[in-house]
>>> print(open('work-v4.csv').read())   # CSV, C-alpha atoms
chain,number,residue,atom,x,y,z
A,1,MET,CA,-103.5,-139.2,-74.8
A,2,LEU,CA,-100.7,-141.7,-74.2
A,3,PRO,CA,-101.4,-145.3,-74.9
A,4,VAL,CA,-102.0,-147.2,-71.7
A,5,SER,CA,-98.9,-149.5,-72.3
A,6,LEU,CA,-96.6,-146.4,-72.8
A,7,ALA,CA,-98.1,-144.7,-69.7
A,8,LEU,CA,-97.5,-147.8,-67.7
A,9,THR,CA,-93.9,-148.1,-69.0
A,10,LEU,CA,-93.2,-144.5,-68.1
A,11,LEU,CA,-94.7,-145.0,-64.6
A,12,LEU,CA,-92.7,-148.1,-64.0
A,13,ALA,CA,-89.5,-146.4,-65.2
A,14,GLY,CA,-90.2,-143.5,-62.9
A,15,SER,CA,-90.7,-145.9,-60.0
A,16,VAL,CA,-87.4,-147.6,-60.7
A,17,ARG,CA,-85.6,-144.3,-61.0
A,18,TYR,CA,-86.9,-143.1,-57.7
A,19,ALA,CA,-86.4,-146.3,-55.7
A,20,PRO,CA,-83.8,-145.5,-53.0
A,21,ASP,CA,-80.6,-147.4,-53.4
A,22,PRO,CA,-79.2,-148.8,-50.1
A,23,PRO,CA,-76.0,-147.0,-49.2
A,24,PRO,CA,-72.9,-148.9,-49.9
A,25,PRO,CA,-71.6,-150.5,-46.7
A,26,THR,CA,-68.8,-148.6,-45.0
A,27,ALA,CA,-68.2,-151.1,-42.2
A,28,PRO,CA,-65.8,-154.0,-42.9
A,29,ALA,CA,-67.7,-157.3,-43.5
A,30,PRO,CA,-67.8,-159.2,-40.2
A,31,THR,CA,-65.5,-162.1,-40.1
A,32,PRO,CA,-67.0,-165.6,-39.3
A,33,ALA,CA,-65.8,-166.8,-36.0
A,34,ASP,CA,-66.6,-169.7,-33.7
A,35,ALA,CA,-66.2,-169.5,-30.0
A,36,ALA,CA,-62.6,-170.6,-30.2
A,37,ALA,CA,-61.8,-167.9,-32.7
A,38,VAL,CA,-63.5,-165.3,-30.5
A,39,LYS,CA,-61.5,-166.5,-27.4
A,40,ALA,CA,-58.3,-166.3,-29.5
A,41,GLU,CA,-59.1,-162.7,-30.3
A,42,ILE,CA,-59.7,-162.0,-26.6
A,43,ALA,CA,-56.4,-163.6,-25.7
A,44,LYS,CA,-54.3,-161.7,-28.3
A,45,PRO,CA,-51.6,-159.7,-26.6
A,46,GLY,CA,-51.5,-156.0,-26.8
A,47,ALA,CA,-54.7,-154.9,-25.1
A,48,SER,CA,-55.1,-153.5,-21.6
A,49,ALA,CA,-58.8,-154.6,-21.5
A,50,VAL,CA,-61.2,-156.3,-23.9
A,51,LEU,CA,-64.8,-155.5,-24.3
A,52,VAL,CA,-66.9,-158.3,-26.0
A,53,ASN,CA,-70.5,-157.7,-27.1
A,54,VAL,CA,-72.6,-160.4,-28.7
A,55,TRP,CA,-75.5,-158.7,-30.5
A,56,ALA,CA,-77.9,-159.3,-33.4
A,57,THR,CA,-79.9,-157.2,-35.9
A,58,TRP,CA,-83.1,-158.8,-34.6
A,59,CYS,CA,-82.4,-157.9,-31.0
A,60,MET,CA,-83.9,-154.6,-30.0
A,61,PRO,CA,-82.0,-154.0,-26.8
A,62,CYS,CA,-78.8,-154.8,-28.7
A,63,GLN,CA,-79.5,-152.0,-31.2
A,64,GLU,CA,-80.5,-149.6,-28.4
A,65,GLU,CA,-77.2,-150.0,-26.5
A,66,PHE,CA,-75.0,-149.9,-29.6
A,67,PRO,CA,-74.3,-146.2,-29.6
A,68,ASP,CA,-73.2,-146.4,-26.0
A,69,LEU,CA,-71.0,-149.4,-26.6
A,70,LEU,CA,-69.3,-147.5,-29.5
A,71,HIS,CA,-69.0,-144.4,-27.4
A,72,VAL,CA,-67.0,-146.4,-24.8
A,73,ALA,CA,-65.1,-148.3,-27.5
A,74,ARG,CA,-63.9,-145.1,-29.0
A,75,GLU,CA,-63.3,-143.3,-25.8
A,76,PHE,CA,-61.0,-145.9,-24.3
A,77,LYS,CA,-59.3,-147.2,-27.5
A,78,ASP,CA,-56.3,-145.1,-26.9
A,79,LYS,CA,-56.1,-146.4,-23.3
A,80,GLY,CA,-55.7,-149.9,-24.6
A,81,LEU,CA,-59.3,-151.1,-24.9
A,82,ARG,CA,-59.9,-153.7,-27.6
A,83,THR,CA,-63.6,-154.0,-28.6
A,84,LEU,CA,-64.9,-157.2,-30.2
A,85,LEU,CA,-68.4,-157.0,-31.6
A,86,VAL,CA,-69.8,-160.4,-32.4
A,87,SER,CA,-73.0,-160.6,-34.4
A,88,ALA,CA,-75.1,-163.7,-33.6
A,89,ASP,CA,-77.3,-163.1,-36.7
A,90,PHE,CA,-78.6,-166.1,-38.6
A,91,PRO,CA,-76.7,-167.5,-41.5
A,92,GLY,CA,-77.6,-165.5,-44.6
A,93,MET,CA,-78.0,-162.3,-42.6
A,94,GLU,CA,-74.4,-161.1,-43.0
A,95,ILE,CA,-75.5,-158.3,-45.3
A,96,GLU,CA,-78.0,-157.0,-42.8
A,97,ALA,CA,-75.4,-157.2,-40.0
A,98,ARG,CA,-72.9,-155.2,-42.1
A,99,GLN,CA,-75.6,-152.6,-43.0
A,100,PHE,CA,-76.4,-152.1,-39.4
A,101,LEU,CA,-72.7,-151.8,-38.5
A,102,SER,CA,-72.3,-149.3,-41.3
A,103,ARG,CA,-75.3,-147.2,-40.1
A,104,GLN,CA,-73.5,-147.2,-36.7
A,105,LYS,CA,-70.3,-146.0,-38.4
A,106,VAL,CA,-68.3,-149.0,-37.2
A,107,ASP,CA,-64.9,-148.7,-39.0
A,108,PHE,CA,-63.0,-151.6,-37.3
A,109,ALA,CA,-63.0,-155.4,-37.8
A,110,THR,CA,-66.0,-157.2,-36.3
A,111,PHE,CA,-67.1,-160.8,-36.2
A,112,ILE,CA,-70.2,-162.9,-36.9
A,113,LYS,CA,-71.0,-166.2,-35.2
A,114,ALA,CA,-70.0,-169.4,-37.0
A,115,GLY,CA,-71.0,-172.9,-36.1
A,116,LYS,CA,-73.8,-174.2,-34.0
A,117,ASP,CA,-75.5,-171.9,-31.5
A,118,GLU,CA,-75.2,-174.3,-28.6
A,119,GLU,CA,-71.5,-174.8,-29.1
A,120,PHE,CA,-71.0,-171.1,-29.5
A,121,VAL,CA,-72.7,-170.3,-26.2
A,122,ASN,CA,-71.0,-173.1,-24.3
A,123,GLY,CA,-67.7,-172.2,-25.8
A,124,ILE,CA,-67.8,-168.5,-25.0
A,125,HIS,CA,-68.4,-168.8,-21.2
A,126,ASP,CA,-70.3,-171.0,-18.8
A,127,ALA,CA,-72.1,-168.1,-17.2
A,128,TRP,CA,-73.8,-167.1,-20.4
A,129,SER,CA,-77.3,-168.4,-20.8
A,130,GLY,CA,-77.4,-167.5,-24.5
A,131,ALA,CA,-79.6,-164.5,-24.0
A,132,LEU,CA,-78.8,-161.4,-26.1
A,133,PRO,CA,-77.3,-158.9,-25.7
A,134,ALA,CA,-74.4,-160.4,-23.8
A,135,THR,CA,-71.4,-158.4,-22.8
A,136,PHE,CA,-68.0,-159.6,-21.3
A,137,VAL,CA,-65.2,-157.4,-20.0
A,138,TYR,CA,-61.8,-158.9,-19.7
A,139,ASP,CA,-58.6,-157.5,-18.3
A,140,GLY,CA,-55.3,-157.3,-20.2
A,141,GLN,CA,-54.4,-160.9,-19.1
A,142,GLY,CA,-57.6,-162.3,-20.6
A,143,ARG,CA,-59.3,-162.7,-17.2
A,144,LEU,CA,-63.0,-162.1,-17.1
A,145,VAL,CA,-63.7,-159.1,-15.0
A,146,ARG,CA,-67.4,-158.6,-15.7
A,147,PHE,CA,-70.2,-160.3,-17.5
A,148,TRP,CA,-73.9,-159.4,-17.9
A,149,GLU,CA,-76.9,-160.1,-20.1
A,150,GLY,CA,-79.2,-157.3,-21.2
A,151,LYS,CA,-78.9,-153.7,-22.2
A,152,ALA,CA,-76.3,-151.5,-20.5
A,153,SER,CA,-76.0,-147.7,-20.3
A,154,TYR,CA,-73.0,-145.6,-21.1
A,155,PRO,CA,-72.1,-144.9,-17.5
A,156,PHE,CA,-72.4,-148.5,-16.6
A,157,LEU,CA,-70.2,-149.6,-19.5
A,158,LYS,CA,-67.7,-146.9,-18.8
A,159,GLN,CA,-67.3,-147.9,-15.2
A,160,ARG,CA,-66.8,-151.6,-16.0
A,161,VAL,CA,-64.2,-150.8,-18.7
A,162,GLU,CA,-62.4,-148.5,-16.3
A,163,GLU,CA,-62.4,-151.2,-13.7
A,164,ALA,CA,-60.8,-153.7,-16.2
A,165,LEU,CA,-58.2,-151.2,-17.3
A,166,ALA,CA,-57.3,-150.5,-13.7
A,167,ARG,CA,-56.5,-154.2,-13.3
A,168,LYS,CA,-53.8,-154.1,-16.0
A,169,GLU,CA,-51.0,-154.1,-13.5
A,170,THR,CA,-52.6,-156.6,-11.2
A,171,PRO,CA,-50.8,-160.0,-11.3
B,1,MET,CA,-85.2,-157.2,-14.8
B,2,ILE,CA,-83.1,-157.1,-18.0
B,3,ARG,CA,-82.6,-153.4,-17.3
B,4,LYS,CA,-81.6,-154.2,-13.8
B,5,LEU,CA,-79.4,-157.2,-14.7
B,6,PRO,CA,-76.3,-155.2,-15.5
B,7,PHE,CA,-76.3,-154.0,-11.9
B,8,VAL,CA,-76.9,-157.3,-10.3
B,9,LEU,CA,-75.5,-160.1,-12.4
B,10,PRO,CA,-71.9,-158.9,-12.8
B,11,LEU,CA,-71.5,-158.8,-9.0
B,12,VAL,CA,-72.5,-162.5,-8.9
B,13,LEU,CA,-71.0,-163.7,-12.1
B,14,ALA,CA,-67.7,-162.1,-11.8
B,15,VAL,CA,-67.2,-163.7,-8.4
B,16,ALA,CA,-68.6,-167.1,-9.3
B,17,PRO,CA,-68.9,-167.7,-13.0
B,18,LEU,CA,-71.0,-170.8,-12.9
B,19,ALA,CA,-73.3,-172.3,-15.5
B,20,HIS,CA,-75.9,-169.6,-16.0
B,21,ALA,CA,-75.8,-168.4,-12.4
B,22,GLY,CA,-79.3,-167.6,-11.2
B,23,ALA,CA,-81.1,-170.3,-13.1
B,24,LEU,CA,-83.0,-172.9,-11.2
B,25,ALA,CA,-80.8,-175.8,-10.3
B,26,ILE,CA,-81.6,-179.3,-11.4
B,27,GLY,CA,-83.5,-181.1,-8.6
B,28,SER,CA,-85.2,-177.9,-7.5
B,29,ALA,CA,-89.0,-177.8,-6.8
B,30,ILE,CA,-91.3,-175.7,-9.0
B,31,PRO,CA,-91.0,-172.1,-7.8
B,32,SER,CA,-94.0,-169.8,-7.7
B,33,ALA,CA,-96.2,-172.7,-8.4
B,34,ASP,CA,-99.3,-171.1,-6.8
B,35,VAL,CA,-99.0,-167.7,-8.5
B,36,LYS,CA,-102.1,-167.1,-10.6
B,37,MET,CA,-101.5,-165.9,-14.1
B,38,LYS,CA,-104.1,-164.9,-16.8
B,39,ASN,CA,-104.5,-167.5,-19.5
B,40,VAL,CA,-105.5,-166.7,-23.1
B,41,ASP,CA,-109.0,-168.1,-22.2
B,42,GLY,CA,-109.4,-165.2,-19.8
B,43,LYS,CA,-109.1,-167.4,-16.7
B,44,GLU,CA,-106.5,-167.1,-13.9
B,45,MET,CA,-104.4,-170.2,-13.4
B,46,SER,CA,-101.2,-171.3,-11.7
B,47,ILE,CA,-98.5,-173.8,-12.6
B,48,ALA,CA,-99.9,-176.0,-9.8
B,49,ASP,CA,-103.2,-176.0,-11.6
B,50,VAL,CA,-101.7,-177.6,-14.7
B,51,LYS,CA,-99.4,-180.0,-12.9
B,52,GLY,CA,-99.4,-183.4,-14.6
B,53,THR,CA,-99.4,-186.9,-13.1
B,54,ALA,CA,-96.1,-187.7,-14.9
B,55,GLY,CA,-94.5,-184.3,-14.9
B,56,THR,CA,-94.9,-180.6,-15.7
B,57,LEU,CA,-93.4,-178.6,-18.5
B,58,VAL,CA,-93.0,-174.8,-18.2
B,59,VAL,CA,-91.8,-172.9,-21.3
B,60,PHE,CA,-91.0,-169.2,-21.1
B,61,THR,CA,-91.7,-167.9,-24.5
B,62,CYS,CA,-93.2,-164.9,-26.3
B,63,ASN,CA,-94.7,-163.7,-29.5
B,64,HIS,CA,-92.1,-161.3,-30.9
B,65,CYS,CA,-88.7,-163.1,-30.5
B,66,PRO,CA,-87.4,-164.6,-33.7
B,67,PHE,CA,-86.1,-167.6,-31.8
B,68,ALA,CA,-89.4,-168.1,-30.0
B,69,LYS,CA,-91.1,-168.0,-33.4
B,70,MET,CA,-88.6,-170.5,-34.9
B,71,TRP,CA,-89.3,-173.1,-32.2
B,72,GLU,CA,-92.9,-172.2,-31.7
B,73,SER,CA,-94.4,-175.0,-33.9
B,74,ARG,CA,-92.1,-177.6,-32.2
B,75,ILE,CA,-93.1,-176.3,-28.7
B,76,VAL,CA,-96.8,-176.6,-29.7
B,77,GLU,CA,-96.3,-180.0,-31.2
B,78,LEU,CA,-94.5,-181.3,-28.1
B,79,GLY,CA,-96.9,-179.6,-25.6
B,80,ASN,CA,-100.0,-180.9,-27.4
B,81,ALA,CA,-98.5,-184.4,-27.7
B,82,TYR,CA,-97.2,-184.9,-24.2
B,83,GLN,CA,-100.3,-183.5,-22.5
B,84,SER,CA,-102.0,-186.8,-23.4
B,85,LYS,CA,-99.0,-188.6,-21.8
B,86,GLY,CA,-99.5,-187.2,-18.3
B,87,ILE,CA,-97.4,-184.1,-18.7
B,88,GLY,CA,-98.9,-180.8,-17.6
B,89,VAL,CA,-97.9,-178.0,-19.9
B,90,VAL,CA,-97.9,-174.2,-19.7
B,91,ALA,CA,-96.3,-171.5,-21.8
B,92,VAL,CA,-95.5,-168.3,-19.9
B,93,ASN,CA,-94.9,-164.9,-21.4
B,94,ALA,CA,-93.0,-162.7,-19.0
B,95,ASN,CA,-92.2,-160.0,-21.5
B,96,ASP,CA,-93.1,-156.3,-20.9
B,97,PRO,CA,-95.5,-155.5,-23.9
B,98,THR,CA,-94.5,-151.8,-23.6
B,99,VAL,CA,-91.1,-152.9,-24.8
B,100,ALA,CA,-92.3,-155.3,-27.5
B,101,ALA,CA,-96.0,-154.6,-28.4
B,102,GLU,CA,-96.3,-158.0,-30.2
B,103,ASP,CA,-96.1,-159.6,-26.7
B,104,GLY,CA,-99.4,-158.0,-25.6
B,105,TYR,CA,-102.3,-160.1,-24.2
B,106,ASP,CA,-104.5,-159.8,-27.3
B,107,GLN,CA,-101.6,-160.8,-29.5
B,108,MET,CA,-101.1,-163.9,-27.3
B,109,VAL,CA,-104.7,-164.8,-27.6
B,110,SER,CA,-104.4,-164.6,-31.4
B,111,ARG,CA,-101.2,-166.5,-31.5
B,112,ALA,CA,-102.4,-169.4,-29.3
B,113,LYS,CA,-105.5,-169.7,-31.5
B,114,GLU,CA,-103.5,-169.5,-34.8
B,115,LYS,CA,-100.9,-172.0,-33.7
B,116,GLY,CA,-103.3,-174.4,-32.0
B,117,PHE,CA,-102.0,-174.3,-28.4
B,118,SER,CA,-104.0,-177.0,-26.6
B,119,PHE,CA,-102.3,-175.9,-23.3
B,120,PRO,CA,-102.4,-172.6,-21.4
B,121,TYR,CA,-100.4,-169.6,-22.6
B,122,VAL,CA,-100.3,-167.3,-19.6
B,123,VAL,CA,-99.1,-163.8,-18.7
B,124,ASP,CA,-96.5,-163.4,-16.0
B,125,SER,CA,-97.8,-159.9,-15.3
B,126,THR,CA,-94.9,-158.8,-13.0
B,127,SER,CA,-92.2,-161.1,-14.5
B,128,ALA,CA,-91.9,-162.5,-11.0
B,129,VAL,CA,-92.4,-166.1,-12.0
B,130,ALA,CA,-89.7,-165.8,-14.7
B,131,LYS,CA,-87.4,-164.3,-12.1
B,132,ALA,CA,-88.2,-167.1,-9.6
B,133,PHE,CA,-87.2,-169.6,-12.3
B,134,GLY,CA,-84.1,-167.6,-13.2
B,135,ALA,CA,-85.3,-167.7,-16.7
B,136,ALA,CA,-83.2,-165.4,-19.0
B,137,ARG,CA,-84.3,-165.8,-22.5
B,138,THR,CA,-87.1,-167.0,-24.8
B,139,PRO,CA,-87.7,-169.8,-25.5
B,140,GLU,CA,-86.4,-171.5,-22.4
B,141,ALA,CA,-87.9,-174.8,-21.1
B,142,PHE,CA,-88.1,-176.2,-17.6
B,143,LEU,CA,-89.3,-179.8,-17.2
B,144,PHE,CA,-90.2,-181.2,-13.8
B,145,ASP,CA,-90.8,-184.9,-13.0
B,146,LYS,CA,-93.8,-186.4,-11.3
B,147,ASP,CA,-92.5,-185.3,-7.9
B,148,GLY,CA,-92.1,-181.7,-9.0
B,149,LYS,CA,-88.3,-181.8,-9.2
B,150,LEU,CA,-86.5,-180.0,-12.1
B,151,VAL,CA,-85.0,-182.7,-14.4
B,152,TYR,CA,-84.4,-180.7,-17.6
B,153,HIS,CA,-83.7,-177.0,-18.3
B,154,GLY,CA,-82.7,-175.4,-21.6
B,155,ALA,CA,-83.3,-175.5,-25.3
B,156,VAL,CA,-86.0,-177.2,-27.3
B,157,ASP,CA,-83.4,-178.8,-29.5
B,158,ASP,CA,-80.0,-178.0,-31.1
B,159,ASN,CA,-81.2,-176.3,-34.2
B,160,GLY,CA,-83.7,-173.5,-34.1
B,161,GLN,CA,-83.2,-172.3,-37.7
B,162,GLU,CA,-83.3,-175.7,-39.5
B,163,PRO,CA,-85.8,-178.2,-37.9
B,164,GLU,CA,-84.8,-180.8,-40.5
B,165,LYS,CA,-81.2,-180.7,-39.3
B,166,VAL,CA,-81.9,-181.3,-35.6
B,167,GLU,CA,-79.4,-183.8,-34.2
B,168,ASN,CA,-80.5,-183.6,-30.5
B,169,ALA,CA,-84.1,-183.2,-29.7
B,170,TYR,CA,-83.3,-182.4,-26.1
B,171,LEU,CA,-86.8,-181.5,-24.8
B,172,LYS,CA,-88.6,-184.2,-26.7
B,173,ASN,CA,-86.1,-186.8,-25.3
B,174,ALA,CA,-86.6,-185.4,-21.8
B,175,LEU,CA,-90.3,-185.4,-22.1
B,176,GLU,CA,-90.3,-189.0,-23.3
B,177,ALA,CA,-88.1,-190.0,-20.4
B,178,VAL,CA,-90.3,-188.2,-17.8
B,179,ALA,CA,-93.5,-189.6,-19.3
B,180,GLY,CA,-92.0,-193.1,-19.0
B,181,GLY,CA,-90.7,-192.5,-15.5
B,182,LYS,CA,-87.1,-192.7,-16.6
B,183,ALA,CA,-84.0,-190.4,-16.1
B,184,VAL,CA,-83.6,-187.7,-18.7
B,185,PRO,CA,-80.6,-188.2,-21.0
B,186,VAL,CA,-79.4,-184.6,-20.9
B,187,ALA,CA,-80.3,-182.3,-18.1
B,188,GLU,CA,-79.1,-178.9,-19.1
B,189,THR,CA,-78.6,-177.3,-22.5
B,190,LYS,CA,-78.3,-173.7,-23.9
B,191,SER,CA,-79.2,-171.8,-26.9
B,192,ILE,CA,-79.1,-168.3,-28.2
B,193,GLY,CA,-82.3,-166.5,-27.5
B,194,CYS,CA,-83.9,-163.1,-26.8
B,195,GLY,CA,-83.3,-161.8,-23.4
B,196,ILE,CA,-86.6,-161.7,-21.5
B,197,LYS,CA,-88.0,-158.1,-21.4
B,198,PHE,CA,-88.6,-158.1,-17.7
B,199,ARG,CA,-91.2,-155.7,-16.4
B,200,SER,CA,-89.8,-153.1,-14.1
>>> encode(input="work-v4.csv", output="structure tokens")
Amino acid sequence: MLPVSLALTLLLAGSVRYAPDPPPPTAPAPTPADAAAVKAEIAKPGASAVLVNVWATWCMPCQEEFPDLLHVAREFKDKGLRTLLVSADFPGMEIEARQFLSRQKVDFATFIKAGKDEEFVNGIHDAWSGALPATFVYDGQGRLVRFWEGKASYPFLKQRVEEALARKETP
Amino acid sequence: MIRKLPFVLPLVLAVAPLAHAGALAIGSAIPSADVKMKNVDGKEMSIADVKGTAGTLVVFTCNHCPFAKMWESRIVELGNAYQSKGIGVVAVNANDPTVAAEDGYDQMVSRAKEKGFSFPYVVDSTSAVAKAFGAARTPEAFLFDKDGKLVYHGAVDDNGQEPEKVENAYLKNALEAVAGGKAVPVAETKSIGCGIKFRS
């Protein structure tokens, strides 16, 4: 019979060996951005429309709509859609945010809120109450076409993005 | 309503992107004041039933939201303290518990007991009261003066995560002003919060 200490050692070693390692993140680490930085990204030339989604890992509806958001982001990328995903996670939750983005197979640059919440909400748009998720659709000239709070479906997102893309020639 | 919002708000907000369009305007009367809601003590009560002589505080909150949890102790502390200064206080949970089970009635009863709510914590069972207020997130405070006019709407303070680093205690300052019959220093503020899980 094994001594108790040896048995415990083997048991613990076994536990360690079988503990699952978190998969390495594949998504780029989100870049800290305050409201001014997000607005600068929206205004960058070259896009025919910009889709901005503010989400958080603790927000259930945000997680639920993410696949549809990414579906639209990928579908319309070649038509000039720029997608800006902005995590509103708490300071210190950058790793969780990146892990979530990795599980969603996000392979493009994203952002994470920097600075105080109130300044961020006020700085992004007057119409936003601060509720998550929040989604903004801009045309190619940086004009807000649509804004809403709450979870959206793929058909709804697609329609709003198409609407913004159709405005690209409008003065 | 959250599920319906995408179909309603964009039409409004894209045309008139005003400060949180849909929210109750400063100076408005208490909406749905006579709607009866089930309190954690099992009794039905309305906002009118809790109306204070100096003012009335209505806070939309819930059990599950991380932001509601972060501010919960401060809400309880303020609610308990200002009740004795003539402010009627009620916390309202408008969330659909089928979306977030932690927001169920039994869990509300436990939370109110655990946190020491000395004011009602009621169920907005159709989310109609929250919709009438134009409430969008949790937590979200609406403070009315002695005449029942909205004088403050918004956040508890400017730092949910770090109470020790609060620079502007918006709700406390507004409560103090209303309790003293004075004008509130800041009438509207915002914060990040969980969208209300409106019942469909």
>>> atom_distance(input="work-v4.csv", atom1="CA of Ser73 in chain B", atom2="CA of Gly160 in chain B")
10.8 Å
>>> residues_near_point(input="work-v4.csv", point="(-95.4, -190.5, -28.6)", cutoff="10 Å", atoms="only C-alpha atoms", output="list in words")
Leu78, Ala81, Tyr82, Ser84, Lys85, Lys172, Leu175, Glu176 and Ala179 of chain B
>>> closest_residue(input="work-v4.csv", among="B:Met70, B:Ile196, B:Val89, B:Leu143", to="chain A", atoms="only C-alpha atoms")
B:Ile196
>>> atom_distance(input="work-v4.csv", atom1="CA of Ser28 in chain B", atom2="CA of Phe120 in chain A")
27.1 Å
>>> residues_around(input="work-v4.csv", residues="Gln99 in chain A", least_positions_apart="3", cutoff="6 Å", atoms="only C-alpha atoms", output="list in words")
Pro25, Glu96 and Ser102 of chain A
>>> closest_residue(input="work-v4.csv", among="B:Gly79, B:Gly195, B:Gly22, B:Pro120", to="chain A", atoms="only C-alpha atoms")
B:Gly195
>>> closest_residue(input="work-v4.csv", among="A:His71, A:Arg98, A:Lys39, A:Arg167", to="Gln141 in chain A", atoms="all atoms listed in the file")
A:Arg167
>>> interface_residues(input="work-v4.csv", of="chain A", to="chain B", cutoff="7 Å", atoms="all atoms listed in the file", output="list in words")
Cys59, Asp117, Glu118, Val121, Asp126, Ala127, Trp128, Ser129, Gly130, Ala131, Leu132, Val145, Arg146, Phe147, Trp148, Glu149, Gly150, Lys151 and Ala152 of chain A
>>> atom_distance(input="work-v4.csv", atom1="CA of Ser87 in chain A", atom2="CA of Ser48 in chain A")
23.1 Å
>>> closest_residue(input="work-v4.csv", among="B:Ala141, B:Ala174, B:Ala183, B:Ala48", to="Trp71 in chain B", atoms="all atoms listed in the file")
B:Ala141
>>> closest_residue(input="work-v4.csv", among="A:Phe100, A:Pro45, A:Pro23, A:Val38", to="Ile124 in chain A", atoms="all atoms listed in the file")
A:Val38
>>> residues_around(input="work-v4.csv", residues="Tyr105 in chain B", least_positions_apart="6", cutoff="10 Å", atoms="all atoms listed in the file", output="PyMOL selection string")
chain B and resi 38-40+42+63+93+97+111+121-123+125
>>> build_atoms(input="work-v4.csv", residues="range 146-151 of chain B", atoms="all heavy atoms", output="PDB file, in the frame of the given file")
ATOM      1  N   LYS B 146     -92.557-186.201 -11.950  1.00  0.00           N
ATOM      2  CA  LYS B 146     -93.800-186.400 -11.300  1.00  0.00           C
ATOM      3  C   LYS B 146     -93.805-185.903  -9.822  1.00  0.00           C
ATOM      4  O   LYS B 146     -94.843-185.589  -9.235  1.00  0.00           O
ATOM      5  CB  LYS B 146     -94.251-187.873 -11.312  1.00  0.00           C
ATOM      6  CG  LYS B 146     -93.318-188.835 -10.597  1.00  0.00           C
ATOM      7  CD  LYS B 146     -93.835-190.258 -10.702  1.00  0.00           C
ATOM      8  CE  LYS B 146     -92.854-191.283 -10.170  1.00  0.00           C
ATOM      9  NZ  LYS B 146     -92.286-191.016  -8.848  1.00  0.00           N
ATOM     10  N   ASP B 147     -92.589-185.835  -9.255  1.00  0.00           N
ATOM     11  CA  ASP B 147     -92.500-185.300  -7.900  1.00  0.00           C
ATOM     12  C   ASP B 147     -92.254-183.830  -7.838  1.00  0.00           C
ATOM     13  O   ASP B 147     -92.015-183.259  -6.765  1.00  0.00           O
ATOM     14  CB  ASP B 147     -91.268-186.035  -7.195  1.00  0.00           C
ATOM     15  CG  ASP B 147     -91.463-187.541  -7.132  1.00  0.00           C
ATOM     16  OD1 ASP B 147     -92.608-187.967  -6.862  1.00  0.00           O
ATOM     17  OD2 ASP B 147     -90.498-188.289  -7.376  1.00  0.00           O
ATOM     18  N   GLY B 148     -92.295-183.195  -8.999  1.00  0.00           N
ATOM     19  CA  GLY B 148     -92.100-181.700  -9.000  1.00  0.00           C
ATOM     20  C   GLY B 148     -90.707-181.281  -8.934  1.00  0.00           C
ATOM     21  O   GLY B 148     -90.441-180.128  -8.572  1.00  0.00           O
ATOM     22  N   LYS B 149     -89.744-182.138  -9.273  1.00  0.00           N
ATOM     23  CA  LYS B 149     -88.300-181.800  -9.200  1.00  0.00           C
ATOM     24  C   LYS B 149     -87.830-181.471 -10.658  1.00  0.00           C
ATOM     25  O   LYS B 149     -88.155-182.225 -11.593  1.00  0.00           O
ATOM     26  CB  LYS B 149     -87.475-182.896  -8.634  1.00  0.00           C
ATOM     27  CG  LYS B 149     -87.888-183.306  -7.218  1.00  0.00           C
ATOM     28  CD  LYS B 149     -87.690-182.169  -6.231  1.00  0.00           C
ATOM     29  CE  LYS B 149     -88.094-182.582  -4.827  1.00  0.00           C
ATOM     30  NZ  LYS B 149     -88.218-181.421  -3.925  1.00  0.00           N
ATOM     31  N   LEU B 150     -87.028-180.409 -10.774  1.00  0.00           N
ATOM     32  CA  LEU B 150     -86.500-180.000 -12.100  1.00  0.00           C
ATOM     33  C   LEU B 150     -85.581-181.114 -12.628  1.00  0.00           C
ATOM     34  O   LEU B 150     -84.580-181.440 -11.972  1.00  0.00           O
ATOM     35  CB  LEU B 150     -85.811-178.691 -12.048  1.00  0.00           C
ATOM     36  CG  LEU B 150     -85.308-178.152 -13.389  1.00  0.00           C
ATOM     37  CD1 LEU B 150     -86.483-177.765 -14.290  1.00  0.00           C
ATOM     38  CD2 LEU B 150     -84.393-176.932 -13.197  1.00  0.00           C
ATOM     39  N   VAL B 151     -85.881-181.629 -13.820  1.00  0.00           N
ATOM     40  CA  VAL B 151     -85.000-182.700 -14.400  1.00  0.00           C
ATOM     41  C   VAL B 151     -84.417-182.224 -15.753  1.00  0.00           C
ATOM     42  O   VAL B 151     -83.456-182.826 -16.221  1.00  0.00           O
ATOM     43  CB  VAL B 151     -85.765-184.002 -14.594  1.00  0.00           C
ATOM     44  CG1 VAL B 151     -86.071-184.634 -13.244  1.00  0.00           C
ATOM     45  CG2 VAL B 151     -87.039-183.817 -15.414  1.00  0.00           C
TER      46      VAL B 151
END
